[in-house]
Amino acid sequence: MSKPELLSMTKEELEAFFGALGEPSYRAAQMFPLLHRGDDPADMTCFSKPLRAKIAEAAAWHLPQVEKKLVSQIDGTVKYLFSLADGNCVESVVMKYKYGNTVCISSQVGCRMGCKFCASTIGGRVRDLTPGELLGQVIAAGRDSGERIGGIVLMGIGEPLDNYANVVKFLHLVNSPDGLNIGYRHISLSTCGLVPKIYDLQKEDLPITLSISLHAPDDETRSAIMPVNRSYGIRELLAACRSYFATTGRRISFEYTLIAGKNDSPEQAKKLARALNSGLRTRTDTMPIHVNLIPVNEVKETGFRQSDRAAVKKFAAILEENGVRATVRRTLGSDINASCGQLRRANAEGRI
Ligand code: SAH
């Protein structure tokens, strides 16, 4: 059996761990903040050498290691290819905004959702990340970049709601006042739309921001590019979003990647506004609706092309005319393959 991972443990679990070693529980309070700033337990001099040896015998510790690092010359975005204890790799990105730094982390090694435009899903899902590996990406990215990380987006490789329990545990860990203490309001979780899990998340009472990868205005178009839509259609998805907003009061944003000739026509813009307005708003409530329009990142294997600028502008204008706020997402790190899964694939194929 594999050893329990120190970075995945809550303070209470760490207390139990020390208890089992015959140590007092205050050891957990000593170790927890050190772990969360990235210290190696082997170097924690507040513990005697024999105790450090006992810890190493009983538990595993590993921080993601930088395998590759690309720094955008355009905007300073830093993309990491991290290796995990078993040699698998994931990607994380540090994005610099005026108001602080945000790290985008991966939730799984690979992905099984099968979205047709996405590089992360090409080789399928290899495994879920543990809470400690999710946290480890935030710690390692902060340490290596030397930047204070103020926000997190779960928008890297993988579907976070397909790794539900580990992701929820991670959210608690990273919010811990004795750890990184990152506020839930500074955390966004992006999902392709696993509807039952959206209802589960709503019950967790965590005021994080939900981001929905919608990418199409109707079921036919969406099912053709996102297989998950065959299980949970747009109406069901929007009903879950309404419910999430009604319970948590947290706004939801919608991601819409524009693909030339697939989902970017003026008619599709009108249809999208209609679907969002009717699916999310009643006459009495005015849920704010925000759509992020993202020109698709062209991935070699998918053959999809970006919509031209005029089509993007027109699409945004039609949404706005119909009461839906739309912004065209600034693509950060466009010179460094910063979109999900592209770096891991390039590495696996020996292209970098
Ligand atoms: N599985 C989650 C989170 C990971 S993907 C989700 O689906 O939301 C993060 C975002 O990048 C999603 O909106 C996804 O649809 C989008 N994305 C994936 N590949 C892309 C590409 N080639 N171009 C633009 N956006 C892409």
# chains A, B, ... in the order shown; residues from 1 in each chain; ligands from 1
call {"tool": "residues_around", "arguments": {"residues": "Ala165 in chain A", "least_positions_apart": "5", "cutoff": "10 Å", "atoms": "only C-alpha atoms", "output": "VMD selection string"}}
result
chain A and resid 130 to 131 160 170 to 171
call {"tool": "write_last_selection", "arguments": {"atoms": "all heavy atoms", "output": "CSV table (one decimal), in the first residue's frame"}}
result
chain,number,residue,atom,x,y,z
A,130,THR,N,-4.3,14.1,-6.6
A,130,THR,CA,-4.6,14.1,-5.2
A,130,THR,C,-4.8,15.5,-4.7
A,130,THR,O,-4.3,16.5,-5.3
A,130,THR,CB,-3.5,13.4,-4.4
A,130,THR,OG1,-2.3,14.2,-4.5
A,130,THR,CG2,-3.2,12.0,-4.9
A,131,PRO,N,-5.4,15.7,-3.5
A,131,PRO,CA,-5.5,17.1,-3.0
A,131,PRO,C,-4.1,17.7,-2.8
A,131,PRO,O,-3.9,18.9,-3.1
A,131,PRO,CB,-6.1,16.9,-1.6
A,131,PRO,CG,-6.9,15.6,-1.7
A,131,PRO,CD,-6.1,14.7,-2.7
A,160,PRO,N,-12.4,19.3,-13.3
A,160,PRO,CA,-12.3,19.3,-11.9
A,160,PRO,C,-13.5,18.6,-11.2
A,160,PRO,O,-13.3,17.9,-10.2
A,160,PRO,CB,-12.3,20.8,-11.5
A,160,PRO,CG,-12.4,21.5,-12.7
A,160,PRO,CD,-12.3,20.6,-13.9
A,170,PHE,N,-9.1,19.9,-1.6
A,170,PHE,CA,-8.0,20.9,-1.9
A,170,PHE,C,-8.5,22.3,-1.6
A,170,PHE,O,-7.8,23.2,-1.1
A,170,PHE,CB,-7.6,20.8,-3.4
A,170,PHE,CG,-7.1,22.0,-4.0
A,170,PHE,CD1,-5.8,22.5,-3.7
A,170,PHE,CD2,-7.9,22.7,-4.9
A,170,PHE,CE1,-5.4,23.7,-4.3
A,170,PHE,CE2,-7.4,23.9,-5.5
A,170,PHE,CZ,-6.1,24.4,-5.2
A,171,LEU,N,-9.8,22.6,-2.0
A,171,LEU,CA,-10.3,24.0,-1.8
A,171,LEU,C,-10.2,24.3,-0.3
A,171,LEU,O,-9.9,25.4,0.1
A,171,LEU,CB,-11.7,24.1,-2.3
A,171,LEU,CG,-11.9,23.9,-3.8
A,171,LEU,CD1,-13.4,23.8,-4.2
A,171,LEU,CD2,-11.2,25.1,-4.6
call {"tool": "select_by_dssp", "arguments": {"residues": "range 212-331 of chain A", "states": "helix (DSSP H, G or I)", "output": "PyMOL selection string"}}
result
chain A and resi 219-225+227-230+234-248+266-280+309-321
call {"tool": "residues_near_ligand", "arguments": {"ligand": "ligand 1", "cutoff": "6 Å", "atoms": "only C-alpha atoms and all ligand atoms", "output": "mmCIF file with N, CA, C and O atoms, in the first residue's frame"}}
result
data_model
loop_
_atom_site.group_PDB
_atom_site.id
_atom_site.type_symbol
_atom_site.label_atom_id
_atom_site.label_comp_id
_atom_site.auth_asym_id
_atom_site.auth_seq_id
_atom_site.Cartn_x
_atom_site.Cartn_y
_atom_site.Cartn_z
ATOM 1 N N PHE A 117 -12.130 20.209 -29.385
ATOM 2 C CA PHE A 117 -11.163 21.282 -29.670
ATOM 3 C C PHE A 117 -9.999 21.266 -28.694
ATOM 4 O O PHE A 117 -9.087 22.073 -28.791
ATOM 5 N N CYS A 118 -10.035 20.365 -27.719
ATOM 6 C CA CYS A 118 -9.134 20.477 -26.574
ATOM 7 C C CYS A 118 -7.980 19.474 -26.627
ATOM 8 O O CYS A 118 -8.198 18.278 -26.849
ATOM 9 N N MET A 155 -8.587 25.572 -14.300
ATOM 10 C CA MET A 155 -8.861 25.613 -15.745
ATOM 11 C C MET A 155 -7.742 24.971 -16.535
ATOM 12 O O MET A 155 -7.590 25.218 -17.723
ATOM 13 N N GLY A 156 -6.923 24.190 -15.863
ATOM 14 C CA GLY A 156 -5.834 23.523 -16.568
ATOM 15 C C GLY A 156 -6.316 22.189 -17.127
ATOM 16 O O GLY A 156 -7.501 22.030 -17.461
ATOM 17 N N ILE A 157 -5.409 21.229 -17.183
ATOM 18 C CA ILE A 157 -5.763 19.912 -17.723
ATOM 19 C C ILE A 157 -6.751 19.213 -16.787
ATOM 20 O O ILE A 157 -6.578 19.229 -15.570
ATOM 21 N N GLY A 158 -7.765 18.579 -17.378
ATOM 22 C CA GLY A 158 -8.691 17.771 -16.586
ATOM 23 C C GLY A 158 -10.012 18.453 -16.322
ATOM 24 O O GLY A 158 -10.177 19.647 -16.547
ATOM 25 N N GLU A 159 -10.973 17.647 -15.849
ATOM 26 C CA GLU A 159 -12.292 18.164 -15.504
ATOM 27 C C GLU A 159 -12.400 18.115 -13.974
ATOM 28 O O GLU A 159 -12.499 17.039 -13.381
ATOM 29 N N SER A 190 -13.743 25.785 -13.327
ATOM 30 C CA SER A 190 -14.342 25.704 -14.659
ATOM 31 C C SER A 190 -14.774 24.269 -14.945
ATOM 32 O O SER A 190 -14.031 23.327 -14.682
ATOM 33 N N THR A 191 -15.995 24.117 -15.469
ATOM 34 C CA THR A 191 -16.482 22.770 -15.764
ATOM 35 C C THR A 191 -17.129 22.716 -17.136
ATOM 36 O O THR A 191 -17.723 23.694 -17.600
ATOM 37 N N CYS A 192 -17.041 21.534 -17.754
ATOM 38 C CA CYS A 192 -17.709 21.334 -19.037
ATOM 39 C C CYS A 192 -19.188 21.045 -18.814
ATOM 40 O O CYS A 192 -19.945 20.935 -19.777
ATOM 41 N N ILE A 212 -18.634 28.104 -16.623
ATOM 42 C CA ILE A 212 -19.191 27.008 -17.425
ATOM 43 C C ILE A 212 -18.643 27.082 -18.844
ATOM 44 O O ILE A 212 -18.751 28.119 -19.508
ATOM 45 N N SER A 213 -18.069 25.998 -19.297
ATOM 46 C CA SER A 213 -17.595 25.940 -20.679
ATOM 47 C C SER A 213 -18.776 25.582 -21.560
ATOM 48 O O SER A 213 -19.147 24.414 -21.658
ATOM 49 N N GLU A 255 -17.907 30.406 -20.621
ATOM 50 C CA GLU A 255 -16.798 30.447 -21.585
ATOM 51 C C GLU A 255 -17.349 30.014 -22.938
ATOM 52 O O GLU A 255 -18.117 29.048 -23.036
ATOM 53 N N THR A 257 -15.725 29.457 -26.698
ATOM 54 C CA THR A 257 -14.578 29.549 -27.591
ATOM 55 C C THR A 257 -15.069 29.579 -29.031
ATOM 56 O O THR A 257 -15.881 28.750 -29.439
ATOM 57 N N VAL A 296 -10.624 30.341 -30.456
ATOM 58 C CA VAL A 296 -10.097 28.995 -30.180
ATOM 59 C C VAL A 296 -8.589 28.979 -30.410
ATOM 60 O O VAL A 296 -8.080 29.602 -31.337
ATOM 61 N N ASN A 297 -7.896 28.318 -29.515
ATOM 62 C CA ASN A 297 -6.473 28.101 -29.712
ATOM 63 C C ASN A 297 -6.332 26.959 -30.691
ATOM 64 O O ASN A 297 -6.832 25.867 -30.435
ATOM 65 N N GLU A 298 -5.636 27.207 -31.757
ATOM 66 C CA GLU A 298 -5.592 26.164 -32.779
ATOM 67 C C GLU A 298 -4.666 25.038 -32.342
ATOM 68 O O GLU A 298 -3.493 25.256 -32.092
ATOM 69 N N VAL A 299 -5.236 23.870 -32.206
ATOM 70 C CA VAL A 299 -4.468 22.693 -31.790
ATOM 71 C C VAL A 299 -4.306 21.841 -33.044
ATOM 72 O O VAL A 299 -5.285 21.569 -33.739
ATOM 73 N N CYS A 340 -4.614 24.870 -22.413
ATOM 74 C CA CYS A 340 -4.592 23.552 -21.753
ATOM 75 C C CYS A 340 -4.042 22.416 -22.568
ATOM 76 O O CYS A 340 -4.528 22.144 -23.650
#
call {"tool": "atom_distance", "arguments": {"atom1": "CA of Ser243 in chain A", "atom2": "CA of Lys203 in chain A"}}
result
10.7 Å
call {"tool": "atom_distance", "arguments": {"atom1": "CA of Leu70 in chain A", "atom2": "CA of Arg148 in chain A"}}
result
18.6 Å
call {"tool": "atom_distance", "arguments": {"atom1": "CA of Ser92 in chain A", "atom2": "CA of Ser106 in chain A"}}
result
6.3 Å
call {"tool": "closest_residue", "arguments": {"among": "A:Leu210, A:Leu7, A:Ala269, A:Cys115", "to": "Ser223 in chain A", "atoms": "only C-alpha atoms"}}
result
A:Cys115
call {"tool": "residues_around", "arguments": {"residues": "Lys262 in chain A", "least_positions_apart": "3", "cutoff": "10 Å", "atoms": "only C-alpha atoms", "output": "PyMOL selection string"}}
result
chain A and resi 215-216+221-222+224-225+258-259+265+268+304-305+307
call {"tool": "select_by_dssp", "arguments": {"residues": "range 59-139 of chain A", "states": "strand (DSSP E or B)", "output": "count of residues only"}}
result
35
call {"tool": "closest_residue", "arguments": {"among": "A:Tyr232, A:Phe17, A:Tyr99, A:Trp61", "to": "Ala42 in chain A", "atoms": "only C-alpha atoms"}}
result
A:Trp61
call {"tool": "closest_residue", "arguments": {"among": "A:Met287, A:Ala316, A:Val94, A:Met31", "to": "Asp75 in chain A", "atoms": "only C-alpha atoms"}}
result
A:Val94
call {"tool": "closest_residue", "arguments": {"among": "A:Val312, A:Ile294, A:Arg235, A:Val138", "to": "Gly279 in chain A", "atoms": "only C-alpha atoms"}}
result
A:Arg235
call {"tool": "closest_residue", "arguments": {"among": "A:Glu147, A:Glu320, A:Glu57, A:Asp219", "to": "Leu237 in chain A", "atoms": "only C-alpha atoms"}}
result
A:Asp219
